[in-house]
>>> print(open('coords_36.cif').read())   # mmCIF, C-alpha atoms
data_model
loop_
_atom_site.label_atom_id
_atom_site.label_comp_id
_atom_site.auth_asym_id
_atom_site.auth_seq_id
_atom_site.Cartn_x
_atom_site.Cartn_y
_atom_site.Cartn_z
CA MET A 418 33.91 66.42 80.03
CA SER A 419 37.51 65.19 80.18
CA GLU A 420 37.08 63.72 83.66
CA VAL A 421 34.63 61.07 82.41
CA LYS A 422 36.56 59.94 79.34
CA GLU A 423 36.84 56.37 80.63
CA LYS A 424 33.08 55.89 80.42
CA THR A 425 31.19 54.71 77.36
CA THR A 426 29.71 58.18 77.02
CA ALA A 427 31.23 61.57 77.78
CA VAL A 428 28.04 62.57 79.59
CA ASN A 429 27.29 61.64 83.16
CA THR A 430 23.90 59.94 82.73
CA GLU A 431 23.14 60.58 86.40
CA THR A 432 22.52 64.24 85.50
CA LEU A 433 19.89 63.37 82.88
CA GLY A 434 17.30 62.11 85.35
CA LEU A 435 17.14 58.71 83.67
CA ASP A 436 15.82 55.63 85.41
CA ALA A 437 17.75 52.34 85.61
CA ALA A 438 16.09 50.94 82.50
CA ALA A 439 17.03 54.01 80.46
CA LYS A 440 20.63 53.87 81.66
CA ALA A 441 20.76 50.20 80.74
CA ARG A 442 19.48 51.00 77.24
CA LEU A 443 22.11 53.69 76.75
CA GLU A 444 24.85 51.31 77.85
CA GLN A 445 23.94 49.20 74.81
CA ILE A 446 24.67 52.04 72.38
CA LYS A 447 28.44 51.98 72.10
CA THR A 448 29.12 51.83 68.35
CA VAL A 449 27.27 54.24 66.06
CA ILE A 450 27.55 54.05 62.28
CA VAL A 451 26.91 57.21 60.26
CA ILE A 452 26.20 56.70 56.57
CA GLY A 453 27.35 59.68 54.53
CA ALA A 454 30.21 62.15 54.97
CA GLY A 455 28.44 65.28 53.79
CA THR A 456 27.33 68.26 55.87
CA MET A 457 24.81 66.30 57.93
CA GLY A 458 26.91 63.15 58.16
CA ASN A 459 29.99 64.90 59.50
CA GLY A 460 27.87 66.93 61.94
CA ILE A 461 26.15 63.81 63.29
CA SER A 462 29.51 62.03 63.58
CA HIS A 463 30.87 65.07 65.42
CA VAL A 464 28.23 65.04 68.18
CA PHE A 465 28.27 61.28 68.74
CA ALA A 466 32.06 61.28 68.99
CA GLN A 467 32.02 64.36 71.24
CA TYR A 468 29.69 62.62 73.68
CA GLY A 469 31.71 59.44 73.89
CA CYS A 470 30.39 57.02 71.26
CA LYS A 471 32.63 55.07 68.95
CA VAL A 472 31.73 56.29 65.45
CA HIS A 473 32.18 54.52 62.12
CA MET A 474 31.70 57.06 59.33
CA VAL A 475 30.89 55.43 55.97
CA ASP A 476 31.04 56.86 52.46
CA ILE A 477 31.90 55.51 49.02
CA SER A 478 34.63 58.17 48.72
CA ARG A 479 37.75 58.07 50.91
CA GLU A 480 38.44 61.68 49.95
CA ALA A 481 34.98 62.73 51.19
CA LEU A 482 35.61 60.95 54.49
CA GLU A 483 38.95 62.69 55.01
CA LYS A 484 37.41 66.08 54.20
CA ALA A 485 34.64 65.34 56.70
CA VAL A 486 37.12 64.60 59.49
CA ALA A 487 39.02 67.81 58.67
CA LYS A 488 35.72 69.73 58.88
CA ILE A 489 34.90 68.13 62.23
CA GLY A 490 38.34 69.16 63.51
CA THR A 491 37.77 72.75 62.35
CA ASN A 492 34.35 72.89 64.02
CA MET A 493 35.79 71.47 67.24
CA ASP A 494 38.49 74.15 67.15
CA ARG A 495 35.67 76.71 67.29
CA GLN A 496 34.26 74.92 70.33
CA VAL A 497 37.69 74.97 71.98
CA ALA A 498 38.00 78.70 71.29
CA LYS A 499 34.62 79.23 73.00
CA ASN A 500 35.62 77.02 75.97
CA LEU A 501 32.94 74.48 75.06
CA LEU A 502 35.60 71.78 74.69
CA THR A 503 39.17 71.40 75.84
CA ALA A 504 41.98 70.55 73.43
CA GLU A 505 42.08 67.12 75.08
CA ASP A 506 38.33 66.68 74.52
CA LYS A 507 38.88 67.38 70.82
CA THR A 508 41.73 64.88 70.56
CA GLN A 509 39.73 62.19 72.35
CA ALA A 510 36.62 62.81 70.22
CA LEU A 511 38.52 62.62 66.94
CA SER A 512 40.19 59.40 68.08
CA ARG A 513 36.74 57.80 68.35
CA ILE A 514 35.99 58.30 64.63
CA GLU A 515 36.98 55.54 62.22
CA LEU A 516 36.54 55.81 58.45
CA PHE A 517 35.11 53.11 56.19
CA THR A 518 34.34 52.70 52.51
CA ASP A 519 33.18 49.10 53.00
CA MET A 520 29.68 48.91 54.47
CA ALA A 521 29.90 45.29 55.66
CA ASP A 522 33.07 45.95 57.63
CA ALA A 523 31.69 49.14 59.16
CA VAL A 524 28.39 47.76 60.47
CA LYS A 525 29.31 44.32 61.76
CA ASP A 526 29.23 45.50 65.41
CA ALA A 527 26.66 48.28 65.00
CA ASP A 528 24.35 49.21 67.85
CA LEU A 529 22.82 52.15 65.97
CA VAL A 530 23.03 53.28 62.35
CA VAL A 531 22.14 56.84 61.35
CA GLU A 532 21.73 57.17 57.58
CA ALA A 533 22.53 60.68 56.33
CA ALA A 534 22.62 60.16 52.57
CA SER A 535 20.94 62.36 49.97
CA GLU A 536 17.20 62.99 50.26
CA ASN A 537 16.33 60.40 47.62
CA ILE A 538 13.81 57.66 48.38
CA ASP A 539 15.32 55.07 46.02
CA LEU A 540 18.79 55.59 47.46
CA LYS A 541 17.54 55.36 51.04
CA ILE A 542 15.60 52.16 50.35
CA LYS A 543 18.69 50.61 48.78
CA ILE A 544 20.83 51.59 51.78
CA PHE A 545 18.30 50.27 54.31
CA GLN A 546 17.95 46.97 52.48
CA GLU A 547 21.73 46.58 52.61
CA LEU A 548 21.85 47.59 56.28
CA ASP A 549 19.08 45.13 57.12
CA ARG A 550 21.08 42.35 55.48
CA LEU A 551 24.44 43.25 57.04
CA CYS A 552 23.67 44.58 60.53
CA PRO A 553 23.22 42.44 63.67
CA GLU A 554 19.62 41.75 64.63
CA LYS A 555 19.90 44.13 67.61
CA THR A 556 20.83 47.15 65.49
CA ILE A 557 18.51 50.17 65.41
CA LEU A 558 18.30 51.70 61.93
CA ALA A 559 17.65 55.45 61.90
CA SER A 560 17.29 57.87 59.01
CA ASN A 561 18.13 61.56 59.11
CA THR A 562 15.51 62.15 56.42
CA SER A 563 13.72 65.49 56.56
CA SER A 564 10.58 64.37 54.73
CA ILE A 565 10.59 60.77 53.45
CA SER A 566 8.23 58.27 55.11
CA ILE A 567 9.87 56.19 57.85
CA THR A 568 7.05 53.65 57.48
CA ARG A 569 7.88 53.24 53.79
CA ILE A 570 11.62 52.89 54.43
CA GLY A 571 10.98 50.35 57.20
CA SER A 572 8.68 48.29 54.98
CA PHE A 573 11.65 47.36 52.80
CA THR A 574 13.42 45.74 55.77
CA LYS A 575 12.74 42.65 57.87
CA ARG A 576 12.92 44.79 61.05
CA PRO A 577 10.41 47.67 60.64
CA GLY A 578 10.07 47.81 64.43
CA LYS A 579 13.70 48.92 64.66
CA VAL A 580 13.45 51.60 61.96
CA ILE A 581 13.01 55.20 63.13
CA GLY A 582 13.64 58.78 62.03
CA MET A 583 16.33 60.83 63.76
CA HIS A 584 16.15 64.22 62.03
CA PHE A 585 19.02 66.44 63.15
CA MET A 586 19.06 70.15 62.27
CA ASN A 587 21.88 71.91 60.43
CA PRO A 588 24.46 72.80 61.74
CA VAL A 589 24.27 69.69 63.89
CA PRO A 590 26.86 70.64 66.57
CA VAL A 591 24.99 73.92 67.22
CA MET A 592 21.28 73.18 66.77
CA ARG A 593 19.61 71.61 69.82
CA LEU A 594 16.56 70.01 68.20
CA VAL A 595 16.28 66.40 67.04
CA GLU A 596 12.93 65.49 65.50
CA ILE A 597 12.31 61.81 66.24
CA ILE A 598 9.88 60.19 63.81
CA ASN A 599 7.92 57.07 64.64
CA GLY A 600 7.10 54.85 61.69
CA TYR A 601 3.77 53.05 61.92
CA ALA A 602 5.60 49.86 63.00
CA THR A 603 8.36 51.40 65.18
CA ASP A 604 8.67 49.65 68.55
CA LYS A 605 8.02 51.83 71.59
CA GLU A 606 11.28 50.72 73.23
CA VAL A 607 13.23 51.80 70.14
CA THR A 608 11.63 55.23 70.35
CA GLN A 609 12.47 55.48 74.04
CA THR A 610 16.09 54.46 73.42
CA VAL A 611 16.53 57.08 70.71
CA PHE A 612 14.77 59.67 72.89
CA ASP A 613 17.16 59.01 75.80
CA LEU A 614 20.15 58.90 73.47
CA THR A 615 19.22 62.30 72.06
CA LYS A 616 19.19 63.75 75.58
CA MET A 617 22.60 62.20 76.16
CA LEU A 618 23.86 64.20 73.17
CA ASN A 619 22.69 67.38 74.93
CA LYS A 620 19.93 67.76 72.34
CA VAL A 621 16.19 68.28 72.77
CA PRO A 622 14.18 65.32 71.43
CA CYS A 623 10.69 65.91 70.02
CA VAL A 624 8.71 62.81 68.97
CA VAL A 625 6.31 63.05 66.03
CA ASN A 626 4.36 60.61 63.89
CA ASP A 627 5.01 59.68 60.29
CA TYR A 628 3.11 62.07 58.01
CA PRO A 629 4.58 63.94 55.01
CA GLY A 630 7.10 66.55 56.16
CA PHE A 631 6.62 65.46 59.80
CA ILE A 632 6.29 68.75 61.77
CA SER A 633 9.43 70.73 60.93
CA ASN A 634 9.12 70.72 57.16
CA ARG A 635 5.33 70.47 57.00
CA ILE A 636 5.32 73.97 58.52
CA LEU A 637 8.64 75.41 57.30
CA MET A 638 8.57 74.45 53.62
CA PRO A 639 5.13 75.93 52.81
CA LEU A 640 6.32 79.14 54.53
CA ILE A 641 9.42 79.22 52.30
CA ASN A 642 7.34 78.34 49.24
CA GLU A 643 4.89 81.17 50.04
CA ALA A 644 7.80 83.61 50.30
CA ILE A 645 8.99 82.46 46.87
CA LEU A 646 5.48 82.90 45.47
CA ALA A 647 5.36 86.44 46.89
CA LEU A 648 8.66 87.19 45.14
CA GLN A 649 7.44 85.51 41.92
CA GLU A 650 4.27 87.61 41.93
CA GLY A 651 6.18 90.85 42.51
CA VAL A 652 4.63 91.57 45.90
CA ALA A 653 8.05 92.55 47.29
CA GLY A 654 11.77 92.04 46.71
CA VAL A 655 14.12 89.51 48.28
CA GLU A 656 15.47 91.84 50.95
CA GLU A 657 12.03 93.20 51.84
CA ILE A 658 10.52 89.74 52.28
CA ASP A 659 13.37 88.54 54.46
CA THR A 660 13.52 91.76 56.51
CA ILE A 661 9.77 91.66 57.22
CA MET A 662 10.03 88.11 58.53
CA LYS A 663 13.17 88.85 60.57
CA LEU A 664 12.05 92.09 62.16
CA GLY A 665 8.30 91.55 62.17
CA MET A 666 8.17 87.88 63.15
CA ALA A 667 11.47 87.62 65.08
CA HIS A 668 12.88 84.99 62.72
CA PRO A 669 16.69 84.82 62.98
CA MET A 670 16.95 84.41 59.20
CA GLY A 671 14.55 85.35 56.40
CA PRO A 672 12.83 82.51 54.50
CA LEU A 673 14.61 83.19 51.21
CA GLN A 674 18.04 83.27 52.83
CA LEU A 675 17.12 80.11 54.74
CA ALA A 676 16.05 78.44 51.48
CA ASP A 677 19.47 79.26 50.02
CA PHE A 678 21.13 77.82 53.11
CA ILE A 679 19.08 74.60 52.97
CA GLY A 680 19.51 74.25 49.21
CA LEU A 681 16.75 75.06 46.73
CA ASP A 682 16.91 71.54 45.32
CA THR A 683 16.18 70.17 48.79
CA CYS A 684 13.29 72.62 49.24
CA TYR A 685 11.90 71.57 45.86
CA SER A 686 12.20 67.88 46.74
CA ILE A 687 10.42 68.31 50.09
CA MET A 688 7.61 70.35 48.53
CA ASN A 689 7.09 67.52 46.04
CA VAL A 690 6.91 65.01 48.92
CA LEU A 691 4.25 67.17 50.60
CA HIS A 692 2.37 67.69 47.34
CA MET A 693 2.27 63.98 46.51
CA GLY A 694 1.74 62.86 50.10
CA PHE A 695 -1.27 65.09 50.79
CA GLY A 696 -2.57 65.43 47.23
CA ASN A 697 -3.31 69.08 47.90
CA GLN A 698 -2.46 71.82 45.39
CA LYS A 699 -1.45 74.21 48.19
CA TYR A 700 1.78 72.22 48.53
CA ALA A 701 2.78 72.53 44.85
CA PRO A 702 6.27 74.07 44.54
CA ALA A 703 6.38 77.61 43.16
CA THR A 704 7.22 77.89 39.45
CA LEU A 705 10.14 80.20 40.32
CA LEU A 706 11.56 77.54 42.65
CA CYS A 707 11.21 74.88 39.93
CA ASN A 708 12.95 77.10 37.37
CA MET A 709 15.83 78.02 39.67
CA VAL A 710 16.49 74.38 40.50
CA GLN A 711 16.28 73.37 36.84
CA ALA A 712 18.79 76.11 35.96
CA GLY A 713 21.20 75.08 38.72
CA PHE A 714 20.77 78.11 40.98
CA LEU A 715 20.61 76.08 44.21
CA GLY A 716 21.60 78.65 46.83
CA ALA A 717 24.77 78.85 48.89
CA LYS A 718 26.17 75.51 47.69
CA SER A 719 26.07 76.57 44.02
CA GLY A 720 27.17 80.15 44.69
CA GLU A 721 23.87 81.78 43.82
CA GLY A 722 20.18 81.52 44.67
CA PHE A 723 18.18 84.43 45.97
CA TYR A 724 21.51 85.85 47.12
CA LYS A 725 24.99 85.81 45.60
CA TYR A 726 27.70 84.00 47.59
CA THR A 727 31.37 84.87 47.29
CA PRO A 728 33.93 82.57 48.97
CA GLY A 729 35.44 84.23 52.04
CA SER A 730 32.76 86.93 52.23
CA LYS A 731 29.92 87.04 54.77
CA GLU A 732 28.21 90.01 53.13
CA LEU A 733 24.60 89.27 52.17
CA VAL A 734 24.18 90.39 48.54
CA VAL A 735 20.90 89.95 46.66
CA SER A 736 21.33 88.15 43.34
CA GLU A 737 21.44 90.53 40.37
CA ARG A 738 18.47 88.61 38.95
CA PHE A 739 16.33 90.07 41.75
CA ALA A 740 18.23 93.27 42.60
CA GLY A 741 16.06 95.46 40.35
CA LYS A 742 12.88 94.35 42.12
CA GLN A 743 13.46 96.08 45.43
CA TRP A 744 13.71 99.50 47.06
CA LYS A 745 17.03 100.52 48.51
CA MET A 746 16.90 99.92 52.25
#
>>> encode(input="coords_36.cif", output="structure tokens")
Amino acid sequence: MSEVKEKTTAVNTETLGLDAAAKARLEQIKTVIVIGAGTMGNGISHVFAQYGCKVHMVDISREALEKAVAKIGTNMDRQVAKNLLTAEDKTQALSRIELFTDMADAVKDADLVVEAASENIDLKIKIFQELDRLCPEKTILASNTSSISITRIGSFTKRPGKVIGMHFMNPVPVMRLVEIINGYATDKEVTQTVFDLTKMLNKVPCVVNDYPGFISNRILMPLINEAILALQEGVAGVEEIDTIMKLGMAHPMGPLQLADFIGLDTCYSIMNVLHMGFGNQKYAPATLLCNMVQAGFLGAKSGEGFYKYTPGSKELVVSERFAGKQWKM
């Protein structure tokens, strides 16, 4: 990639099979603003900077921003070690990231904003109202939401046609999929621009329509919830449930381990979105999930969920709360 550093993007768009109109659209996306410096925010900033975009990363905390840049550097070091990047690529990518705590200053020249704040509808609406007020008229406003209605978010702006979902998967630098969500009012050209941009990032874009959970979480979260119900009802233990899904269904990770990785609070929130959105009892979150979230057992980020997590250890250890409910394997 180092040989094309002088271009707006680090990808040669000729290799993407794009027509002249698509190339022209991509040429308009030079400055990308990422709202939020957490796991998703730093991952999204990473890939945009890696593929040549100027990135403004925004957070209310300067400390969070600096930690995010350090994390991006560490993740790029892994790419260098695997010969996916050169040391020069890393240096150039990091130089494209600028940190902001002031929203107005960050977005004044924005071509695209990707919001990656917490999965909270009130917070997202507040952010999008502010973005709508501060951003140039041309700016596309995207949300990385995993379940919240794009149509609803867009309805609180004066530009619903330029509001779209751009749902990256975690970890962003590794996972190829981007679920692109059309709100009811999203302009077709906006969708096409985001579709082409996703390909430019060496990701696979999949376009879906705006229904609760979209496709990814409409299918995944009920699966996770059913696994929790099976555990709650004593059908099998944590390790048995995950092993059956890994070995029997060829899943790379069992649903309970995946729930821990996602965060049980996030799983609970998405199940509530599905439950309210469809009004169907089959989407009600399991009582065990509710209780674990209420008690603060949120998975990997809290140190314990269905498994126990020890800093520096990669060993998968079932939580003592569930250890007596399984056969030794």
>>> atom_distance(input="coords_36.cif", atom1="atom CA of Ser535 of chain A", atom2="atom CA of Phe695 of chain A")
22.4 Å
>>> residues_around(input="coords_36.cif", residues="segment 585-601 of chain A", least_positions_apart="5", cutoff="7 Å", atoms="all atoms listed in the file", output="list in words")
Met457, Gly460, Ile461, His463, Val464, Asn561, Ile567, Thr568, Lys620, Val621, Pro622, Cys623, Val624, Val625, Asn626 and Asp627 of chain A
>>> resolve_selection(input="coords_36.cif", expression="the PyMOL selection byres ((chain A and resi 538-547) around 12)", output="PDB file with C-alpha atoms, keeping the file's coordinate frame")
ATOM      1  CA  VAL A 451      26.910  57.210  60.260  1.00  0.00           C
ATOM      2  CA  ILE A 452      26.200  56.700  56.570  1.00  0.00           C
ATOM      3  CA  GLY A 453      27.350  59.680  54.530  1.00  0.00           C
ATOM      4  CA  VAL A 475      30.890  55.430  55.970  1.00  0.00           C
ATOM      5  CA  ASP A 476      31.040  56.860  52.460  1.00  0.00           C
ATOM      6  CA  ASP A 519      33.180  49.100  53.000  1.00  0.00           C
ATOM      7  CA  MET A 520      29.680  48.910  54.470  1.00  0.00           C
ATOM      8  CA  ALA A 521      29.900  45.290  55.660  1.00  0.00           C
ATOM      9  CA  VAL A 524      28.390  47.760  60.470  1.00  0.00           C
ATOM     10  CA  VAL A 530      23.030  53.280  62.350  1.00  0.00           C
ATOM     11  CA  VAL A 531      22.140  56.840  61.350  1.00  0.00           C
ATOM     12  CA  GLU A 532      21.730  57.170  57.580  1.00  0.00           C
ATOM     13  CA  ALA A 533      22.530  60.680  56.330  1.00  0.00           C
ATOM     14  CA  ALA A 534      22.620  60.160  52.570  1.00  0.00           C
ATOM     15  CA  SER A 535      20.940  62.360  49.970  1.00  0.00           C
ATOM     16  CA  GLU A 536      17.200  62.990  50.260  1.00  0.00           C
ATOM     17  CA  ASN A 537      16.330  60.400  47.620  1.00  0.00           C
ATOM     18  CA  LEU A 548      21.850  47.590  56.280  1.00  0.00           C
ATOM     19  CA  ASP A 549      19.080  45.130  57.120  1.00  0.00           C
ATOM     20  CA  ARG A 550      21.080  42.350  55.480  1.00  0.00           C
ATOM     21  CA  LEU A 551      24.440  43.250  57.040  1.00  0.00           C
ATOM     22  CA  CYS A 552      23.670  44.580  60.530  1.00  0.00           C
ATOM     23  CA  PRO A 553      23.220  42.440  63.670  1.00  0.00           C
ATOM     24  CA  THR A 556      20.830  47.150  65.490  1.00  0.00           C
ATOM     25  CA  ILE A 557      18.510  50.170  65.410  1.00  0.00           C
ATOM     26  CA  LEU A 558      18.300  51.700  61.930  1.00  0.00           C
ATOM     27  CA  ALA A 559      17.650  55.450  61.900  1.00  0.00           C
ATOM     28  CA  SER A 560      17.290  57.870  59.010  1.00  0.00           C
ATOM     29  CA  ASN A 561      18.130  61.560  59.110  1.00  0.00           C
ATOM     30  CA  THR A 562      15.510  62.150  56.420  1.00  0.00           C
ATOM     31  CA  SER A 563      13.720  65.490  56.560  1.00  0.00           C
ATOM     32  CA  SER A 564      10.580  64.370  54.730  1.00  0.00           C
ATOM     33  CA  ILE A 565      10.590  60.770  53.450  1.00  0.00           C
ATOM     34  CA  SER A 566       8.230  58.270  55.110  1.00  0.00           C
ATOM     35  CA  ILE A 567       9.870  56.190  57.850  1.00  0.00           C
ATOM     36  CA  THR A 568       7.050  53.650  57.480  1.00  0.00           C
ATOM     37  CA  ARG A 569       7.880  53.240  53.790  1.00  0.00           C
ATOM     38  CA  ILE A 570      11.620  52.890  54.430  1.00  0.00           C
ATOM     39  CA  GLY A 571      10.980  50.350  57.200  1.00  0.00           C
ATOM     40  CA  SER A 572       8.680  48.290  54.980  1.00  0.00           C
ATOM     41  CA  PHE A 573      11.650  47.360  52.800  1.00  0.00           C
ATOM     42  CA  THR A 574      13.420  45.740  55.770  1.00  0.00           C
ATOM     43  CA  LYS A 575      12.740  42.650  57.870  1.00  0.00           C
ATOM     44  CA  ARG A 576      12.920  44.790  61.050  1.00  0.00           C
ATOM     45  CA  PRO A 577      10.410  47.670  60.640  1.00  0.00           C
ATOM     46  CA  LYS A 579      13.700  48.920  64.660  1.00  0.00           C
ATOM     47  CA  VAL A 580      13.450  51.600  61.960  1.00  0.00           C
ATOM     48  CA  ILE A 581      13.010  55.200  63.130  1.00  0.00           C
ATOM     49  CA  SER A 686      12.200  67.880  46.740  1.00  0.00           C
ATOM     50  CA  ILE A 687      10.420  68.310  50.090  1.00  0.00           C
ATOM     51  CA  VAL A 690       6.910  65.010  48.920  1.00  0.00           C
TER      52      VAL A 690
END
>>> resolve_selection(input="coords_36.cif", expression="the PyMOL selection byres ((chain A and resi 707) around 10)", output="VMD selection string")
chain A and resid 681 to 682 684 to 686 702 to 706 708 to 712
>>> atom_distance(input="coords_36.cif", atom1="atom CA of Asp526 of chain A", atom2="atom CA of Leu502 of chain A")
28.6 Å
>>> atom_distance(input="coords_36.cif", atom1="atom CA of Leu733 of chain A", atom2="atom CA of Ala485 of chain A")
26.3 Å
>>> resolve_selection(input="coords_36.cif", expression="the PyMOL selection byres ((chain A and resi 511) around 9)", output="list in words")
His463, Ala466, Gln467, Val486, Ile489, Gly490, Asp506, Lys507, Thr508, Gln509, Ala510, Ser512, Arg513, Ile514 and Glu515 of chain A
>>> write_last_selection(input="coords_36.cif", atoms="C-alpha atoms", output="mmCIF file, keeping the file's coordinate frame")
data_model
loop_
_atom_site.group_PDB
_atom_site.id
_atom_site.type_symbol
_atom_site.label_atom_id
_atom_site.label_comp_id
_atom_site.auth_asym_id
_atom_site.auth_seq_id
_atom_site.Cartn_x
_atom_site.Cartn_y
_atom_site.Cartn_z
ATOM 1 C CA HIS A 463 30.870 65.070 65.420
ATOM 2 C CA ALA A 466 32.060 61.280 68.990
ATOM 3 C CA GLN A 467 32.020 64.360 71.240
ATOM 4 C CA VAL A 486 37.120 64.600 59.490
ATOM 5 C CA ILE A 489 34.900 68.130 62.230
ATOM 6 C CA GLY A 490 38.340 69.160 63.510
ATOM 7 C CA ASP A 506 38.330 66.680 74.520
ATOM 8 C CA LYS A 507 38.880 67.380 70.820
ATOM 9 C CA THR A 508 41.730 64.880 70.560
ATOM 10 C CA GLN A 509 39.730 62.190 72.350
ATOM 11 C CA ALA A 510 36.620 62.810 70.220
ATOM 12 C CA SER A 512 40.190 59.400 68.080
ATOM 13 C CA ARG A 513 36.740 57.800 68.350
ATOM 14 C CA ILE A 514 35.990 58.300 64.630
ATOM 15 C CA GLU A 515 36.980 55.540 62.220
#
>>> closest_residue(input="coords_36.cif", among="A:Gly696, A:Ala701, A:Asp677, A:Gly654", to="Lys718 of chain A", atoms="all atoms listed in the file")
A:Asp677
>>> closest_residue(input="coords_36.cif", among="A:Asp659, A:Ser633, A:Met693, A:Gln674", to="Tyr726 of chain A", atoms="all atoms listed in the file")
A:Gln674
>>> closest_residue(input="coords_36.cif", among="A:Lys731, A:Leu443, A:Ala437, A:Gly665", to="Val607 of chain A", atoms="all atoms listed in the file")
A:Leu443
>>> axis_aligned_box(input="coords_36.cif", around="segment 484-499 of chain A", padding_each_side="4 Å", output="JSON")
{"center_x": 36.6, "center_y": 71.9, "center_z": 63.6, "size_x": 12.8, "size_y": 22.6, "size_z": 26.8}
>>> closest_residue(input="coords_36.cif", among="A:Gly694, A:Gly671, A:Gly680, A:Gly741", to="Glu721 of chain A", atoms="only C-alpha atoms")
A:Gly680
>>> closest_residue(input="coords_36.cif", among="A:Ser478, A:Asn697, A:Gln649, A:Thr660", to="Phe739 of chain A", atoms="all atoms listed in the file")
A:Gln649
>>> closest_residue(input="coords_36.cif", among="A:Phe678, A:Phe612, A:Phe517, A:Tyr628", to="Arg442 of chain A", atoms="all atoms listed in the file")
A:Phe612
